[in-house]
Each structure stands twice: as structure tokens, then as C-alpha cells.
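To start, the structure under review is shown below, and the notes come after it.
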Amino acid sequence: MATPQTPYEAVLHAARDVTKLDSALDAEMLGTALLGSVYEIAETDREAAVREFVAGFLAATTRRRAAAATTVRAVFAALVPDATGADRVRPGATAPAWSGQLGRVHLTGSWAYGDVYGDQTSYLATFAYDDDTGGPEHALVALVDHNIGITKDIFVGGPADLILEQVRRLCAADELTWFREEDPTRVRGEVSRHLAVTDQLGQLPGASSLATDRALVGARLAVLPAAVASPAPADDPLPDAKRAEEIRRFLASSEAVRAGLDTVDGAELASLHFCLGLLLDHAVTFPDADPLRWSPTVAGLFLLDWVHRRAVLDMDDAAMLPRVLRAWAGYAARRRGLSAAAAAGTDAAIEEMVPEFVRLYATGERRSPATAAVAQLMAEGVDPDDPAALDAWIEANRHRLTDDD
């Protein structure tokens with residue numbers, strides 16, 4: 001056979017045996033894998049790239065009458081029904097018996113599970129075809145990472161009952177994991193909302209099924225009920241009044257008392273409030289902006305990365321910060337109702353991070369250019385918040401600045 005001259009010809013060649021498959025599910029799995037390469041190489045708006053490719057494919061193959069061509073057209077139309085021309089596609093007269101079941105599924109159950117800290121939530125939904133000729137009941141699993149605000153991995157496969165039972169067992173065996181039935185409207189909303197962010201990434205996470213299963217996941221999510229549009233989030237997810245109230249509650253807490261933070265005064269008091277401000281500033285960098293969501297992972301992101309890139313600490317601040325973080329993490333765990341084991345896990349993780357935090361503070365190796373510049377000003381006794389002092393420093397160092405340029 002001649003080498004395919006266009007991407008559309010390459011797809012037809014790759015799908016030449018589609019009519020030999022046993023079910024609509026097998027065909028949809030083949031179709032989503034083929035579209036996965038389009039999704040993976042797209043540089044922006046990956047979902048739109050797949051939709052445009054399907055529209056182009058349908059237009060370019062409209063006169064094809066071979067059974068494989070008409071069948072793969074029907075598969076793509078079922079997977080991406082909003083592509084231009086998809087609503088006019090019909091399986092050909094020689095299409096397999098199962099072709100009438102493409103995309104014709106209904107929900108049989110939906111659940112959610114995740115870690116008690118709130119770092120990640122997985123959503124699981126099971127589907128069955130309207131007719132047994134479509135294929136077996138199968139499951140969609142989507143992992144949402146709340147720390148980076150994306151759907152990090154997706155998977156479609158079966159048998160559905162086996163996947164569900166494995167998840168139940170794993171969650172039952174781990175006291176730091178929860179499992180529950182979930183409203184399908186929430187499953188669709190949460191996975192779709194975070195998947196829309198994933199679609200815009202310049203580089204995808206490493207999971208291979210994220211690309212290969214994307215089109216089929218989109219088709220299955222569309223089967224679920226859609227939520228009423230929610231109001232736009234507030235411009236300031238953590239306003240000053242809420243910040244002040246949270247700090248007040250913390251300083252009156254048993255965790256603050258045990259850490260001796262309720263009696264801090266003098267220069268230490270300024271460091272205490274500076275450190276509390278950093279904890280709250282870090283919270284708003286996450287999509288949920290929850291100042292009480294702390295875990296070993298979140299603590300590591302804060303203590304070993306973010307704070308070095310975003311803040312200039314003096315020695316009092318550096319000495320105070322781990323102490324404040326441990327107390328705040330314990331306070332947050334109690335407020336959220338986490339178990340003693342979960343709270344202890346975060347506390348132990350922070351304690352283990354302290355030597356590396358100190359090393360990074362001493363070397364300054366993770367400072368951003370802006371943070372490094374401010375640190376240099378402070379080291380030379382210049383107040384960065386004093387315009388007159390800044391102007392005087394710039395004038396005094398004009399020759400050095402010019403030489404650097």
C-alpha cells in the first residue's frame with residue numbers, strides 16, 4: 001500500500017480494520033487513541049485542535065464509501081459530536097452491527113475518592129451501552145490535582161465492577177483516603193472545569209492516557225447532567241477581613257498556645273505576623289484559596305520553594321517560620337476535622353523539611369531575581385519601601401548599574 005500523503009489518509013490507514021472489532025466500545029477506544037496524537041501535539045487549546053481535526057477529516061472523507069471509512073467517520077462523530085459536519089454522519093450500509101450503539105451509553109453509577117488532606121480527588125463513573133451489542137460496562141476515572149488546578153490523569157477501561165471494587169478496597173485499607181458516592185453533576189463539573197485548564201497546557205503531565213483517552217472522556221462527561229452555571233469567583237478570594245479573622249482565631253487556638261506564639265512580643269511579634277501573612281499569601285496561589293488546606297505536599301511547596309522565590313526573610317523570620325507553619329498546620333487539621341494520624345503526618349513532614357529550608361535560606365539558590373534584588377538592598381541597609389532611600393541608592397550606585405548593563 002502507498003504511503004499516506006495526508007494526516008487524514010494516515011488515520012484511514014490506521015483504522016483500516018475497524019470493522020473487524022467486536023464492539024462499539026472497542027471502536028471508540030481505537031478512535032480516541034487516534035485522536036490522542038492530535039491532542040498531544042497541539043500547542044494551544046488542545047480540545048479545539050481535536051474538534052478542528054475531526055471536522056477536517058469528515059469534510060475530506062465525505063465521498064468515501066468503503067466500510068472502514070464510513071465506520072471511522074461514525075466513530076469520530078460520536079466522540080466529537082460538536083465538530084462541524086458530525087451531525088450529518090451516518091454509518092454506512094455495510095457498517096458493523098454495533099455501529100448503531102456508538103456513543104449510546106447511560107450512567108450506571110458515580111463516586112469520588114481522594115486523600116484526606118485535599119491534595120487530589122479522583123472521580124469514577126461507570127457506563128453501560130443501551131444495547132449489549134455496544135460492548136461491556138466500563139468506567140471513567142479522572143484524577144483532579146487541587147494543588148496545580150488541573151485534571152492530571154484520565155482513564156477509560158473495564159471491567160467496571162472490577163475497577164470499582166479495587167478502588168473500594170484500596171480506600172478501605174488506607175486511613176488517609178476517603179471514598180463516597182458522588183453526584184454525577186459534580187463529577188461532570190469538577191472534571192470538565194479542571195480538564196479545560198489541562199487542555200491549555202503547553203506541556204502535558206506524563207500520563208499517556210491523558211491524551212489517548214481525552215476524546216472518549218469528553219464524550220462520556222457529556223452524558224452526565226450539567227450543573228447550573230455558578231457565579232464568578234470573587235476578585236479577592238481571601239479579603240482582609242477574612243485574613244484578620246483567621247489570624248485572630250489561630251492566635252487564640254490551643255496549637256498557637258502550645259507553640260508559645262500567644263506570648264510573642266517585641267521584634268518576634270513582627271516576624272510572627274509576617275510569617276502568618278506568608279501562609280495566607282501562599283493559600284491564594286491555589287485555585288481553592290483555602291488557608292486551612294495543608295498537607296505534607298503543600299508544606300513542601302511552601303517551605304522549600306514558594307517562600308524562597310517570593311519573600312525576603314531576615315534571620316528572625318527564618319527562625320520563626322517553621323514554628324509558625326507547624327502550629328498553623330495543626331490548627332488547620334483540627335479545623336478541618338482530620339484524624340490525629342493525618343495531622344501527625346504533616347507535622348512530621350514539616351520537621352523533616354526544616355534542615356533543607358535552612359540550607360535554602362542560607363544559600364539563596366531559589367530566590368527569584370526580584371527577591372534577590374530586594375535582599376541585596378536590605379543587606380546594604382536600604383529600606384525597599386522608602387522611595388527616597390531607593391532614589392539615593394540608585395544615584396549612589398548609578399555607575400555600577402551602568403557597568404552591569
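Numbering starts fresh at 1 for the residues of each chain in the C-alpha cells, the chains themselves are lettered A, B, ... in the order given, and ligands are numbered from 1 as they appear.
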Just list the residues in range 131-182 of chain A DSSP gives alpha helix (DSSP H) on the backbone, as a list of chain:residue names.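 Put together, the selection reads A:Ala160, A:Asp161, A:Leu162, A:Ile163, A:Leu164, A:Glu165, A:Gln166, A:Val167, A:Arg168, A:Arg169, A:Leu170, A:Cys171, A:Ala172, A:Ala173.
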Please write the residues from the selection above to a file, keeping N, CA, C and O atoms, as an mmCIF file, in the first residue's frame.
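Resulting contents of selection.cif:
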data_model
loop_
_atom_site.group_PDB
_atom_site.id
_atom_site.type_symbol
_atom_site.label_atom_id
_atom_site.label_comp_id
_atom_site.auth_asym_id
_atom_site.auth_seq_id
_atom_site.Cartn_x
_atom_site.Cartn_y
_atom_site.Cartn_z
ATOM 1 N N ALA A 160 -15.909 -2.610 34.585
ATOM 2 C CA ALA A 160 -16.284 -1.544 35.509
ATOM 3 C C ALA A 160 -16.383 -2.037 36.943
ATOM 4 O O ALA A 160 -15.916 -1.371 37.873
ATOM 5 N N ASP A 161 -16.996 -3.215 37.135
ATOM 6 C CA ASP A 161 -17.183 -3.704 38.502
ATOM 7 C C ASP A 161 -15.856 -4.031 39.173
ATOM 8 O O ASP A 161 -15.683 -3.811 40.385
ATOM 9 N N LEU A 162 -14.883 -4.504 38.392
ATOM 10 C CA LEU A 162 -13.579 -4.821 38.959
ATOM 11 C C LEU A 162 -12.839 -3.542 39.361
ATOM 12 O O LEU A 162 -12.237 -3.473 40.436
ATOM 13 N N ILE A 163 -12.890 -2.523 38.511
ATOM 14 C CA ILE A 163 -12.241 -1.245 38.841
ATOM 15 C C ILE A 163 -12.856 -0.652 40.101
ATOM 16 O O ILE A 163 -12.145 -0.197 41.006
ATOM 17 N N LEU A 164 -14.177 -0.658 40.183
ATOM 18 C CA LEU A 164 -14.852 -0.106 41.355
ATOM 19 C C LEU A 164 -14.472 -0.868 42.615
ATOM 20 O O LEU A 164 -14.203 -0.257 43.666
ATOM 21 N N GLU A 165 -14.419 -2.182 42.540
ATOM 22 C CA GLU A 165 -14.079 -2.990 43.717
ATOM 23 C C GLU A 165 -12.631 -2.739 44.148
ATOM 24 O O GLU A 165 -12.338 -2.656 45.348
ATOM 25 N N GLN A 166 -11.727 -2.597 43.190
ATOM 26 C CA GLN A 166 -10.325 -2.321 43.536
ATOM 27 C C GLN A 166 -10.198 -0.978 44.247
ATOM 28 O O GLN A 166 -9.452 -0.852 45.226
ATOM 29 N N VAL A 167 -10.917 0.011 43.761
ATOM 30 C CA VAL A 167 -10.872 1.331 44.402
ATOM 31 C C VAL A 167 -11.437 1.255 45.815
ATOM 32 O O VAL A 167 -10.858 1.817 46.758
ATOM 33 N N ARG A 168 -12.551 0.577 45.976
ATOM 34 C CA ARG A 168 -13.139 0.427 47.315
ATOM 35 C C ARG A 168 -12.142 -0.204 48.279
ATOM 36 O O ARG A 168 -11.977 0.257 49.423
ATOM 37 N N ARG A 169 -11.485 -1.266 47.835
ATOM 38 C CA ARG A 169 -10.549 -1.979 48.701
ATOM 39 C C ARG A 169 -9.370 -1.104 49.080
ATOM 40 O O ARG A 169 -8.951 -1.065 50.235
ATOM 41 N N LEU A 170 -8.808 -0.409 48.097
ATOM 42 C CA LEU A 170 -7.651 0.445 48.363
ATOM 43 C C LEU A 170 -7.988 1.551 49.367
ATOM 44 O O LEU A 170 -7.210 1.840 50.276
ATOM 45 N N CYS A 171 -9.161 2.151 49.203
ATOM 46 C CA CYS A 171 -9.562 3.226 50.112
ATOM 47 C C CYS A 171 -9.847 2.699 51.517
ATOM 48 O O CYS A 171 -9.513 3.358 52.511
ATOM 49 N N ALA A 172 -10.444 1.515 51.596
ATOM 50 C CA ALA A 172 -10.757 0.936 52.907
ATOM 51 C C ALA A 172 -9.489 0.585 53.676
ATOM 52 O O ALA A 172 -9.473 0.608 54.913
ATOM 53 N N ALA A 173 -8.418 0.288 52.940
ATOM 54 C CA ALA A 173 -7.175 -0.134 53.582
ATOM 55 C C ALA A 173 -6.290 1.043 53.986
ATOM 56 O O ALA A 173 -5.285 0.852 54.663
#
Surrounding residues of Gly118 in chain A excluding itself and chain neighbours under 5 positions, 9 Å, only C-alpha atoms, as a PyMOL selection string: chain A and resi 145-147+293-295
Please give the complete set of residues from range 113-360 of chain A that DSSP, run on the backbone, assigns to strand (DSSP E), formatted as a count of residues only. 34
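Taking only C-alpha atoms, the non-local environment of Val257 in chain A within 12 Å (same-chain residues fewer than 4 positions away omitted) comprises A:Arg249, A:Phe250, A:Leu251, A:Ala252, A:Ser253, A:Leu261, A:Asp262, A:Thr263, A:Val264, A:Arg323, A:Val324, A:Ala327, A:Trp328, A:Gly330, A:Tyr331.
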Need the shell around Leu201 in chain A: protein/DNA/RNA residues with any atom at most 10 Å away, counting only C-alpha atoms. Skip same-chain ones fewer than 4 positions apart. Format as a ChimeraX atom specification? /A:42-46,150,196-197,205
Please report, as a tab-separated table, each residue of range 39-122 of chain A lying at most 10 Å from range 334-350 of chain A, together with the nearest pair of atoms and the separation in Å rounded to one decimal; use only C-alpha atoms, and order rows by chain and ascending residue number.
residue	atom	partner	partner_atom	distance
A:Asp115	CA	A:Ala342	CA	9.8
A:Val116	CA	A:Leu338	CA	7.0
A:Tyr117	CA	A:Ala342	CA	7.6
Limited to all heavy atoms, could you put the picked residues into a file as a PDB file, in the first residue's frame?
ATOM      1  N   ASP A 115      -7.403  11.817  48.963  1.00  0.00           N
ATOM      2  CA  ASP A 115      -6.668  11.885  50.220  1.00  0.00           C
ATOM      3  C   ASP A 115      -7.369  12.854  51.168  1.00  0.00           C
ATOM      4  O   ASP A 115      -8.012  13.806  50.727  1.00  0.00           O
ATOM      5  CB  ASP A 115      -5.229  12.326  49.984  1.00  0.00           C
ATOM      6  CG  ASP A 115      -5.141  13.739  49.443  1.00  0.00           C
ATOM      7  OD1 ASP A 115      -5.269  13.909  48.213  1.00  0.00           O
ATOM      8  OD2 ASP A 115      -4.970  14.667  50.246  1.00  0.00           O
ATOM      9  N   VAL A 116      -7.248  12.604  52.445  1.00  0.00           N
ATOM     10  CA  VAL A 116      -7.954  13.417  53.439  1.00  0.00           C
ATOM     11  C   VAL A 116      -7.431  14.849  53.487  1.00  0.00           C
ATOM     12  O   VAL A 116      -8.119  15.745  53.968  1.00  0.00           O
ATOM     13  CB  VAL A 116      -7.850  12.784  54.849  1.00  0.00           C
ATOM     14  CG1 VAL A 116      -8.541  11.431  54.896  1.00  0.00           C
ATOM     15  CG2 VAL A 116      -6.389  12.667  55.303  1.00  0.00           C
ATOM     16  N   TYR A 117      -6.224  15.072  52.991  1.00  0.00           N
ATOM     17  CA  TYR A 117      -5.658  16.422  53.012  1.00  0.00           C
ATOM     18  C   TYR A 117      -6.299  17.331  51.972  1.00  0.00           C
ATOM     19  O   TYR A 117      -6.247  18.548  52.100  1.00  0.00           O
ATOM     20  CB  TYR A 117      -4.156  16.366  52.750  1.00  0.00           C
ATOM     21  CG  TYR A 117      -3.367  15.606  53.790  1.00  0.00           C
ATOM     22  CD1 TYR A 117      -2.742  14.399  53.478  1.00  0.00           C
ATOM     23  CD2 TYR A 117      -3.229  16.101  55.087  1.00  0.00           C
ATOM     24  CE1 TYR A 117      -2.000  13.710  54.425  1.00  0.00           C
ATOM     25  CE2 TYR A 117      -2.494  15.413  56.046  1.00  0.00           C
ATOM     26  CZ  TYR A 117      -1.875  14.215  55.705  1.00  0.00           C
ATOM     27  OH  TYR A 117      -1.154  13.536  56.648  1.00  0.00           O
TER      28      TYR A 117
END
Using only C-alpha atoms, determine which residues lie at most 7 Å from Asp316 in chain A, disregarding the query and same-chain residues fewer than 2 positions distant; provide the list as a short mmCIF file (atom, residue, chain, number, x, y, z; two decimals) with N, CA and C atoms, in the first residue's frame.
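Below is the file result_15.cif, written as the result:
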data_model
loop_
_atom_site.label_atom_id
_atom_site.label_comp_id
_atom_site.auth_asym_id
_atom_site.auth_seq_id
_atom_site.Cartn_x
_atom_site.Cartn_y
_atom_site.Cartn_z
N GLU A 268 10.00 39.79 67.74
CA GLU A 268 9.43 38.49 67.34
C GLU A 268 7.98 38.63 66.89
N SER A 271 7.82 39.42 63.26
CA SER A 271 8.12 38.23 62.47
C SER A 271 6.95 37.27 62.46
N ASP A 314 14.44 37.86 57.05
CA ASP A 314 15.63 38.09 57.85
C ASP A 314 15.82 36.90 58.78
N ALA A 318 13.24 33.71 59.46
CA ALA A 318 13.61 32.34 59.12
C ALA A 318 13.52 31.42 60.33
N ALA A 319 13.86 31.93 61.49
CA ALA A 319 13.75 31.12 62.71
C ALA A 319 12.30 30.90 63.10
N MET A 320 11.45 31.89 62.83
CA MET A 320 10.06 31.83 63.23
C MET A 320 9.20 30.97 62.29
#
What's around Ser37 in chain A at 12 Å? Count only C-alpha atoms, leave out sequence neighbours fewer than 2 positions away in its own chain, and write the answer as a list in words. Pro7, Ala10, Val11, Leu30, Gly31, Thr32, Ala33, Leu34, Leu35, Tyr39, Glu40, Ile41, Ala42, Arg46, Glu47, Ala49, Val50, Phe53, Ser208, Ser209, Leu210, Ala211, Thr212, Asp213, Arg214 and Ala215 of chain A
Best match for closeness to Pro159 in chain A among A:Val284, A:Ala259, A:Ala139, A:Ala74, counting only C-alpha atoms: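 Distance minimum relative to Pro159 in chain A lands on A:Ala139.
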d(CA of Ala55 in chain A, CA of Ala77 in chain A) in Å: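 Answer for the CA of Ala55 in chain A to CA of Ala77 in chain A separation: 8.9 Å.
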Range 90-95 of chain A surroundings by only C-alpha atoms, 8 Å radius, close-in-sequence under 2 positions cut, as JSON, numbers by chain: {"A": [19, 65, 67, 68, 70, 71, 73, 74, 88, 97, 99, 100]}
Save out the residues we just selected, N, CA, C and O atoms, as an mmCIF file, in the first residue's frame.
data_model
loop_
_atom_site.group_PDB
_atom_site.id
_atom_site.type_symbol
_atom_site.label_atom_id
_atom_site.label_comp_id
_atom_site.auth_asym_id
_atom_site.auth_seq_id
_atom_site.Cartn_x
_atom_site.Cartn_y
_atom_site.Cartn_z
ATOM 1 N N THR A 19 -13.767 -2.317 11.194
ATOM 2 C CA THR A 19 -14.995 -3.118 11.064
ATOM 3 C C THR A 19 -14.823 -4.525 11.624
ATOM 4 O O THR A 19 -15.813 -5.230 11.820
ATOM 5 N N ARG A 65 -16.730 5.549 0.523
ATOM 6 C CA ARG A 65 -17.836 4.622 0.723
ATOM 7 C C ARG A 65 -17.394 3.271 1.286
ATOM 8 O O ARG A 65 -18.233 2.426 1.590
ATOM 9 N N ALA A 67 -16.383 0.441 3.853
ATOM 10 C CA ALA A 67 -16.950 0.202 5.182
ATOM 11 C C ALA A 67 -16.064 0.772 6.285
ATOM 12 O O ALA A 67 -16.561 1.361 7.255
ATOM 13 N N ALA A 68 -14.743 0.626 6.157
ATOM 14 C CA ALA A 68 -13.838 1.141 7.187
ATOM 15 C C ALA A 68 -13.931 2.655 7.279
ATOM 16 O O ALA A 68 -13.955 3.234 8.373
ATOM 17 N N THR A 70 -16.486 4.723 6.315
ATOM 18 C CA THR A 70 -17.760 5.198 6.861
ATOM 19 C C THR A 70 -17.883 4.884 8.348
ATOM 20 O O THR A 70 -18.484 5.652 9.100
ATOM 21 N N THR A 71 -17.276 3.780 8.775
ATOM 22 C CA THR A 71 -17.347 3.422 10.196
ATOM 23 C C THR A 71 -16.495 4.348 11.053
ATOM 24 O O THR A 71 -16.934 4.815 12.113
ATOM 25 N N ARG A 73 -15.657 7.331 10.350
ATOM 26 C CA ARG A 73 -16.343 8.624 10.356
ATOM 27 C C ARG A 73 -17.412 8.647 11.452
ATOM 28 O O ARG A 73 -17.564 9.635 12.177
ATOM 29 N N ALA A 74 -18.161 7.554 11.563
ATOM 30 C CA ALA A 74 -19.200 7.475 12.585
ATOM 31 C C ALA A 74 -18.593 7.462 13.988
ATOM 32 O O ALA A 74 -19.143 8.051 14.932
ATOM 33 N N ARG A 88 -24.236 15.194 10.556
ATOM 34 C CA ARG A 88 -24.716 14.653 9.283
ATOM 35 C C ARG A 88 -24.148 13.273 8.976
ATOM 36 O O ARG A 88 -24.434 12.697 7.930
ATOM 37 N N ALA A 97 -22.710 -4.318 12.936
ATOM 38 C CA ALA A 97 -23.983 -4.245 13.652
ATOM 39 C C ALA A 97 -23.907 -3.332 14.863
ATOM 40 O O ALA A 97 -24.892 -2.681 15.231
ATOM 41 N N SER A 99 -22.383 -0.551 15.150
ATOM 42 C CA SER A 99 -22.176 0.864 14.844
ATOM 43 C C SER A 99 -23.339 1.739 15.310
ATOM 44 O O SER A 99 -23.152 2.917 15.618
ATOM 45 N N GLY A 100 -24.536 1.176 15.388
ATOM 46 C CA GLY A 100 -25.681 1.946 15.856
ATOM 47 C C GLY A 100 -25.624 2.264 17.344
ATOM 48 O O GLY A 100 -26.404 3.087 17.837
#
Would you compute the distance between CA of His13 in chain A and CA of Gly218 in chain A? Give it in Å to one decimal.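 Distance between the two atoms: 24.7 Å.
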